[in-house]
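> Shown below is the structure under consideration.
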There are 2 protein chains.
Amino acid sequence: MKATNGNSLKIGIDIGGTHTSIGIVDSDGNILNCHKLNTPDFDTVESFTLALHEASIRCANSSGSSYEQIAGVGIGAPCINHQTGVIEGAVDLPWPSPIPFKEKVSEKFGLPVSCINDANSAAIGEMKFGCCKGSDNFIMITLGTGVGSAIVADGRLIHGIRGLAGELGHTIVRRDSDRICSCGRKGCLETYCSARGIVKTAIDMISKHPCPILSSVPQEELTSKIISEAARNGDEAAIATFRFTGTVLGEGLADFAAFSSPEKIVIFGGIAKAWDLFYPSMMDSFNHNLLWIYRDQITIERSMLPEASAAILGAAAAVEL
Amino acid sequence: MKATNGNSLKIGIDIGGTHTSIGIVDSDGNILNCHKLNTPDFDTVESFTLALHEASIRCANSSGSSYEQIAGVGIGAPCINHQTGVIEGAVDLPWPSPIPFKEKVSEKFGLPVSCINDANSAAIGEMKFGCCKGSDNFIMITLGTGVGSAIVADGRLIHGIRGLAGELGHTIVRRDSDRICSCGRKGCLETYCSARGIVKTAIDMISKHPCPILSSVPQEELTSKIISEAARNGDEAAIATFRFTGTVLGEGLADFAAFSSPEKIVIFGGIAKAWDLFYPSMMDSFNHNLLWIYRDQITIERSMLPEASAAILGAAAAVEL
């Protein structure tokens with residue numbers, strides 16, 4: 001733990017449906033100390049905010065600095081309006097919408113609070129401290145329970161009205177699909193390239209390919225992690241699952257390029273750990289589907305920042321002082 | 001023709017594969033005078049630039065002002081790099097690429113020259129003088145020989161690297177399509193919603209619907225104009241053609257919304273004249289395919305600026321003085 005003098009420290013908070021991460025961040029982008037809470041442990045937003053405050057004080061103190069040195073709080077959360085700080089329609093959070101989160105945190109912390117969509121906070125983290133440092137044009141795709149995205153064009157995050165830009169996980173990649181998405185529609189990118197989508201694909205592949213490993217797991221217990229391990233151990237259905245995931249992802253990414261002409265697409269999130277399993281088919285499909293004017297102009301990279309770090313750093317970097 | 005004092009006038013030039021329009025624009029967005037050239041009449045870029053210069057002088061003089069009052073030239077052209085002013089890969093222009101167009105015009109005119117992609121110039125025209133006045137978040141779709149687009153997010157045009165953002169006509173809307181696009185791929189939005197795409201759809205529909213009018217026209221003579229007239233005269237294949245065009249367009253627009261969260265989508269170009277024929281099915285399809293968070297947030301409108309005017313005004317407005 002490093003100590004920092006002066007009140008140039010920020011708190012970065014990354015709120016997710018399962019975990020919430022809190023970090024004390026210095027001006028060089030070092031996370032001095034961090035703490036994790038289980039989001040569903042808190043019945044009310046008030047008890048959650050109280051726990052965030054207590055954890056922040058503890059984190060600050062045990063980092064060798066103090067809470068008095070904190071200049072502001074940055075919050076990355078799903079479905080948060082970056083202007084009003086209200087969370088609306090975040091199906092994975094345990095509290096009813098709308099949640100006036102910025103107001104609650106301001107009251108409790110007594111500090112300036114900035115809010116940012118969770119995918120955008122990870123993009124800011126990459127832009128400030130990760131593989132997009134110095135890049136003015138990139139798209140970040142988060143592959144996890146769902147598929148999130150953030151778009152940086154001409155050096156600026158695209159917000160759109162109500163901060164709702166960048167829902168690329170909900171563009172339709174298969175019009176004739178019978179895969180129902182969490183959004184209620186069918187055939188979204190998320191139904192193919194999220195952890196849940198990968199499980200669906202594996203169930204399809206089990207009937208088509210030899211699968212000594214996957215066939216030994218009850219379908220309701222299949223996870224993307226089990227499938228990636230099976231693929232690495234030679235299970236053909238599992239290998240075909242990631243190959244197909246890469247193909248669909250590459251098609252989607254090629255279309256996204258036609259929107260903002262990025263120089264880089266960064267893949268982030270839990271599924272990115274299976275990079276070697278879907279990268280070849282993703283690149284084949286991307287190159288095959290890309291409009292010729294973008295050819296050889298766009299690289300696709302895996303994020304090298306630890307998942308929690310990027311979101312904490314991005315949330316902290318969103319603090320405007 | 002109105003006269004304007006002081007050198008606050010600009011020349012706006014809209015270069016297209018068929019016609020090029022030149023207009024003298026005052027600071028209030030009035031086109032004082034304009035002239036049209038047939039682009040393919042000129043064998044070389046040099047002879048074309050000379051004709052542009054002569055037409056500009058004539059336009060200025062007969063508008064009651066003079067060439068000396070012109071402060072700068074704005075050029076809207078397909079495939080032009082807004083930073084370098086070089087046109088590259090514009091298949092509809094009669095001269096070989098790359099065309100250092102800004103350099104040529106600067107030399108001949110002796111004035112500051114700004115360049116902008118043709119779809120972007122129309123968007124700037126709408127933003128400054130048309131139905132997007134005051135809007136910070138909109139997407140403009142040009143339906144003509146091809147399908148062009150421009151995206152304004154958070155008050156700024158999205159350029160992307162090399163100014164190549166906004167090629168939404170080349171996102172794939174039907175993965176299993178056998179329709180070959182001008183870009184060499186299959187199933188692009190342009191293969192369905194451009195003038196050429198509409199003719200293809202009509203040829204499909206002729207075998208499926210009663211078509212007393214369309215069946216009397218040799219297929220090689222079909223145009224989107226003939227098809228729209230047939231539809232207005234009750235030809236069922238023609239009606240079905242525009243219904244299907246609207247359906248595909250609505251699907252595409254719903255996906256585009258997930259990118260930049262616009263408050264408005266503006267449809268522009270020759271095909272927009274058939275607005276009444278495709279609007280109902282486009283709206284049905286758009287609303288059906290739209291992610292719920294955008295519901296009731298986005299209007300789709302037809303541009304009310306005359307086609308040549310928007311592009312001339314937008315090109316002139318792009319002049320940075």
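To be explicit about the labels: the chains of the structure tokens are called A, B, and onward in the order shown, and within each one the residues are counted from 1, while ligands get numbers from 1 in the order they are shown.
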If you run DSSP on the backbone, which residues of region 92-258 of chain A are helix (DSSP H, G or I), as a PyMOL selection string?

chain A and resi 101-109+118-129+161-163+168-170+190-193+195-206+214-216+219-221+224-232+236-258

> Give the residues of chain A that lie within 7 Å of chain B; count only C-alpha atoms, and format the answer as a ChimeraX atom specification.

/A:137,153-154,158-161,164-168,170-172,255,258-263

> May I ask for the distance between CA of Leu249 (chain B) and CA of Gln219 (chain B), given in Å to one decimal place?

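Computing it gives 23.6 Å between the two atoms.
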
> Compile the contact shell of Glu54 (chain A) as a ChimeraX atom specification: residues with an atom at most 12 Å away, counting only C-alpha atoms, same-chain residues fewer than 4 positions apart removed.

/A:22,35,37,47-50,58-61,67,105,108-109

> Mind writing the picked residues with N, CA, C and O atoms as a compact mmCIF listing (two decimals), in the first residue's frame?


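This went into selection-v2.txt:
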```txt
# COMPACT_ATOMS: atom_id res chain seq x y z
N ILE A 22 -14.83 -1.20 -4.54
CA ILE A 22 -14.53 0.16 -4.10
C ILE A 22 -13.01 0.29 -4.07
O ILE A 22 -12.33 -0.57 -3.51
N HIS A 35 -11.76 -2.80 -1.94
CA HIS A 35 -12.61 -3.67 -1.13
C HIS A 35 -13.80 -4.12 -1.99
O HIS A 35 -14.20 -3.41 -2.91
N LEU A 37 -17.81 -5.73 -2.02
CA LEU A 37 -19.05 -6.05 -1.29
C LEU A 37 -19.91 -6.96 -2.17
O LEU A 37 -19.83 -6.89 -3.40
N SER A 47 -28.91 1.08 3.10
CA SER A 47 -27.94 0.23 3.81
C SER A 47 -26.71 -0.03 2.93
O SER A 47 -25.57 -0.11 3.41
N PHE A 48 -26.94 -0.11 1.63
CA PHE A 48 -25.83 -0.30 0.68
C PHE A 48 -24.92 0.93 0.67
O PHE A 48 -23.68 0.82 0.74
N THR A 49 -25.53 2.12 0.63
CA THR A 49 -24.75 3.36 0.61
C THR A 49 -23.94 3.51 1.89
O THR A 49 -22.77 3.94 1.86
N LEU A 50 -24.56 3.15 3.01
CA LEU A 50 -23.86 3.19 4.31
C LEU A 50 -22.63 2.27 4.27
O LEU A 50 -21.53 2.65 4.69
N ARG A 58 -12.57 2.83 5.66
CA ARG A 58 -11.61 1.77 6.02
C ARG A 58 -10.50 1.67 4.98
O ARG A 58 -9.32 1.57 5.29
N CYS A 59 -10.91 1.68 3.68
CA CYS A 59 -9.94 1.58 2.58
C CYS A 59 -8.95 2.73 2.64
O CYS A 59 -7.74 2.53 2.45
N ALA A 60 -9.46 3.94 2.84
CA ALA A 60 -8.59 5.12 2.86
C ALA A 60 -7.60 5.00 4.01
O ALA A 60 -6.38 5.17 3.82
N ASN A 61 -8.10 4.67 5.19
CA ASN A 61 -7.23 4.60 6.37
C ASN A 61 -6.16 3.52 6.20
O ASN A 61 -4.98 3.76 6.48
N TYR A 67 -9.48 9.56 4.82
CA TYR A 67 -10.70 9.94 4.11
C TYR A 67 -10.69 11.43 3.78
O TYR A 67 -11.27 11.85 2.77
N VAL A 105 -25.47 8.99 -2.47
CA VAL A 105 -24.03 8.94 -2.18
C VAL A 105 -23.51 10.34 -1.80
O VAL A 105 -22.70 10.46 -0.87
N LYS A 108 -24.39 10.98 1.84
CA LYS A 108 -23.64 10.17 2.81
C LYS A 108 -22.16 10.55 2.82
O LYS A 108 -21.55 10.65 3.89
N PHE A 109 -21.57 10.77 1.65
CA PHE A 109 -20.12 10.99 1.57
C PHE A 109 -19.75 12.46 1.77
O PHE A 109 -18.61 12.74 2.15
```

> With only C-alpha atoms as the counted atoms, please give the residues lying no more than 8 Å from region 310-312 of chain B, apart from itself and same-chain residues fewer than 2 positions off, as an NGL selection string.

:B and (12-14 or 21-23 or 76 or 118-119 or 121-126 or 130 or 305-308 or 314-316)

> Could you go through region 104-170 of chain B and tell me which residues DSSP, when run on the backbone, assigns to strand (DSSP E), listing them as a count of residues only?

20

> Find the residues near Glu103 (chain B): any atom within 10 Å, counting only C-alpha atoms, skip ones fewer than 4 places away on the same chain, and give them as a ChimeraX atom specification.

/B:84-86,99,107-108,113

> Which residue out of A:Ile300, A:Ile75, A:Val266, A:Ala318 has the minimum interatomic distance to Ser106 (chain A) when only C-alpha atoms are used?

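Between A:Ile300, A:Ile75, A:Val266, A:Ala318, the residue approaching Ser106 (chain A) most closely is A:Ile75.
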
> Looking at B:Glu221, B:Asp276, B:Asp235, B:Asp26, which one is nearest to Ile70 (chain B), with distances taken over only C-alpha atoms?

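When distances to Ile70 (chain B) are compared using only C-alpha atoms, the smallest one comes from B:Asp26.
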
> With a distance cut-off of 7 Å and only C-alpha atoms, select the neighbouring residues of region 203-212 of chain B, excluding the residue or stretch itself and same-chain residues fewer than 5 positions from it, and output the selection as a PyMOL selection string.

chain B and resi 235-237+240-241

> Export, as a PDB file, in the first residue's frame, the selected residues with all heavy atoms.


```pdb
ATOM      1  N   ASP B 235     -50.854  -0.746 -57.894  1.00  0.00           N
ATOM      2  CA  ASP B 235     -50.152  -1.985 -58.268  1.00  0.00           C
ATOM      3  C   ASP B 235     -49.674  -2.696 -56.993  1.00  0.00           C
ATOM      4  O   ASP B 235     -48.882  -2.152 -56.213  1.00  0.00           O
ATOM      5  CB  ASP B 235     -48.965  -1.637 -59.164  1.00  0.00           C
ATOM      6  CG  ASP B 235     -48.284  -2.865 -59.727  1.00  0.00           C
ATOM      7  OD1 ASP B 235     -47.572  -3.541 -58.940  1.00  0.00           O
ATOM      8  OD2 ASP B 235     -48.451  -3.144 -60.929  1.00  0.00           O
ATOM      9  N   GLU B 236     -50.172  -3.910 -56.779  1.00  0.00           N
ATOM     10  CA  GLU B 236     -49.910  -4.570 -55.487  1.00  0.00           C
ATOM     11  C   GLU B 236     -48.454  -4.983 -55.294  1.00  0.00           C
ATOM     12  O   GLU B 236     -47.934  -4.955 -54.184  1.00  0.00           O
ATOM     13  CB  GLU B 236     -50.834  -5.784 -55.317  1.00  0.00           C
ATOM     14  CG  GLU B 236     -52.266  -5.341 -55.035  1.00  0.00           C
ATOM     15  CD  GLU B 236     -53.208  -6.501 -54.788  1.00  0.00           C
ATOM     16  OE1 GLU B 236     -52.762  -7.529 -54.218  1.00  0.00           O
ATOM     17  OE2 GLU B 236     -54.387  -6.387 -55.168  1.00  0.00           O
ATOM     18  N   ALA B 237     -47.803  -5.383 -56.381  1.00  0.00           N
ATOM     19  CA  ALA B 237     -46.377  -5.726 -56.260  1.00  0.00           C
ATOM     20  C   ALA B 237     -45.569  -4.492 -55.870  1.00  0.00           C
ATOM     21  O   ALA B 237     -44.646  -4.563 -55.046  1.00  0.00           O
ATOM     22  CB  ALA B 237     -45.854  -6.309 -57.569  1.00  0.00           C
ATOM     23  N   ALA B 240     -46.271  -3.740 -52.224  1.00  0.00           N
ATOM     24  CA  ALA B 240     -45.529  -4.701 -51.391  1.00  0.00           C
ATOM     25  C   ALA B 240     -44.035  -4.379 -51.384  1.00  0.00           C
ATOM     26  O   ALA B 240     -43.339  -4.587 -50.379  1.00  0.00           O
ATOM     27  CB  ALA B 240     -45.773  -6.119 -51.890  1.00  0.00           C
ATOM     28  N   THR B 241     -43.525  -3.857 -52.492  1.00  0.00           N
ATOM     29  CA  THR B 241     -42.105  -3.489 -52.591  1.00  0.00           C
ATOM     30  C   THR B 241     -41.761  -2.428 -51.543  1.00  0.00           C
ATOM     31  O   THR B 241     -40.789  -2.566 -50.788  1.00  0.00           O
ATOM     32  CB  THR B 241     -41.787  -2.957 -54.001  1.00  0.00           C
ATOM     33  OG1 THR B 241     -41.972  -4.017 -54.925  1.00  0.00           O
ATOM     34  CG2 THR B 241     -40.358  -2.432 -54.092  1.00  0.00           C
TER      35      THR B 241
END
```

> Would you work out the distance separating CA of Lys264 (chain A) from CA of Ile139 (chain A), expressed in Å to one decimal?

6.6 Å

> What is the CA of Met283 (chain B) to CA of Val248 (chain B) distance in Å?

10.6 Å

> Skip Phe244 (chain B) itself and residues of its chain fewer than 5 positions away, then list as a list in words all residues within 10 Å of it, counting only C-alpha atoms.

Tyr192, Cys193, Ile198, Thr201, Ala202, Met205, Ala238, Ile239, Leu249, Gly250, Phe278, Ser281, Met282 and Ser285 of chain B

> Using N, CA, C and O atoms, can you export the residues from the last selection as a short mmCIF file (atom, residue, chain, number, x, y, z; two decimals), in the first residue's frame?


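Contents of selection11.cif, as written:
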```
data_model
loop_
_atom_site.label_atom_id
_atom_site.label_comp_id
_atom_site.auth_asym_id
_atom_site.auth_seq_id
_atom_site.Cartn_x
_atom_site.Cartn_y
_atom_site.Cartn_z
N TYR B 192 -31.11 -3.25 -50.11
CA TYR B 192 -32.57 -3.29 -49.92
C TYR B 192 -33.22 -1.90 -50.01
O TYR B 192 -34.32 -1.78 -50.52
N CYS B 193 -32.52 -0.87 -49.51
CA CYS B 193 -33.20 0.42 -49.32
C CYS B 193 -32.71 1.53 -50.25
O CYS B 193 -33.15 2.67 -50.12
N ILE B 198 -34.55 -1.23 -54.28
CA ILE B 198 -36.00 -1.22 -54.46
C ILE B 198 -36.37 -1.89 -55.79
O ILE B 198 -37.34 -2.65 -55.86
N THR B 201 -36.15 -5.59 -55.20
CA THR B 201 -37.31 -6.08 -54.45
C THR B 201 -38.53 -6.17 -55.36
O THR B 201 -39.29 -7.15 -55.31
N ALA B 202 -38.71 -5.16 -56.22
CA ALA B 202 -39.87 -5.17 -57.12
C ALA B 202 -39.83 -6.39 -58.03
O ALA B 202 -40.86 -7.04 -58.26
N MET B 205 -41.08 -9.18 -56.15
CA MET B 205 -42.50 -9.08 -55.81
C MET B 205 -43.41 -9.35 -57.01
O MET B 205 -44.55 -9.77 -56.85
N ALA B 238 -45.95 -3.35 -56.44
CA ALA B 238 -45.24 -2.11 -56.12
C ALA B 238 -45.51 -1.69 -54.67
O ALA B 238 -44.59 -1.25 -53.96
N ILE B 239 -46.76 -1.86 -54.24
CA ILE B 239 -47.10 -1.54 -52.84
C ILE B 239 -46.30 -2.44 -51.90
O ILE B 239 -45.71 -1.99 -50.92
N LEU B 249 -35.79 -1.29 -43.55
CA LEU B 249 -35.23 -0.03 -43.06
C LEU B 249 -35.50 0.14 -41.57
O LEU B 249 -34.60 0.51 -40.81
N GLY B 250 -36.71 -0.17 -41.14
CA GLY B 250 -37.07 -0.05 -39.72
C GLY B 250 -36.20 -0.95 -38.84
O GLY B 250 -35.77 -0.55 -37.75
N PHE B 278 -43.53 3.92 -47.67
CA PHE B 278 -42.76 3.02 -46.79
C PHE B 278 -42.86 3.41 -45.31
O PHE B 278 -42.48 2.63 -44.44
N SER B 281 -44.86 0.82 -42.72
CA SER B 281 -44.16 -0.44 -42.41
C SER B 281 -42.83 -0.16 -41.72
O SER B 281 -42.39 -0.93 -40.86
N MET B 282 -42.18 0.96 -42.08
CA MET B 282 -40.92 1.31 -41.39
C MET B 282 -41.17 1.55 -39.91
O MET B 282 -40.43 1.04 -39.05
N SER B 285 -41.99 -1.74 -38.06
CA SER B 285 -40.79 -2.55 -37.90
C SER B 285 -39.84 -1.91 -36.89
O SER B 285 -39.25 -2.59 -36.03
#
```
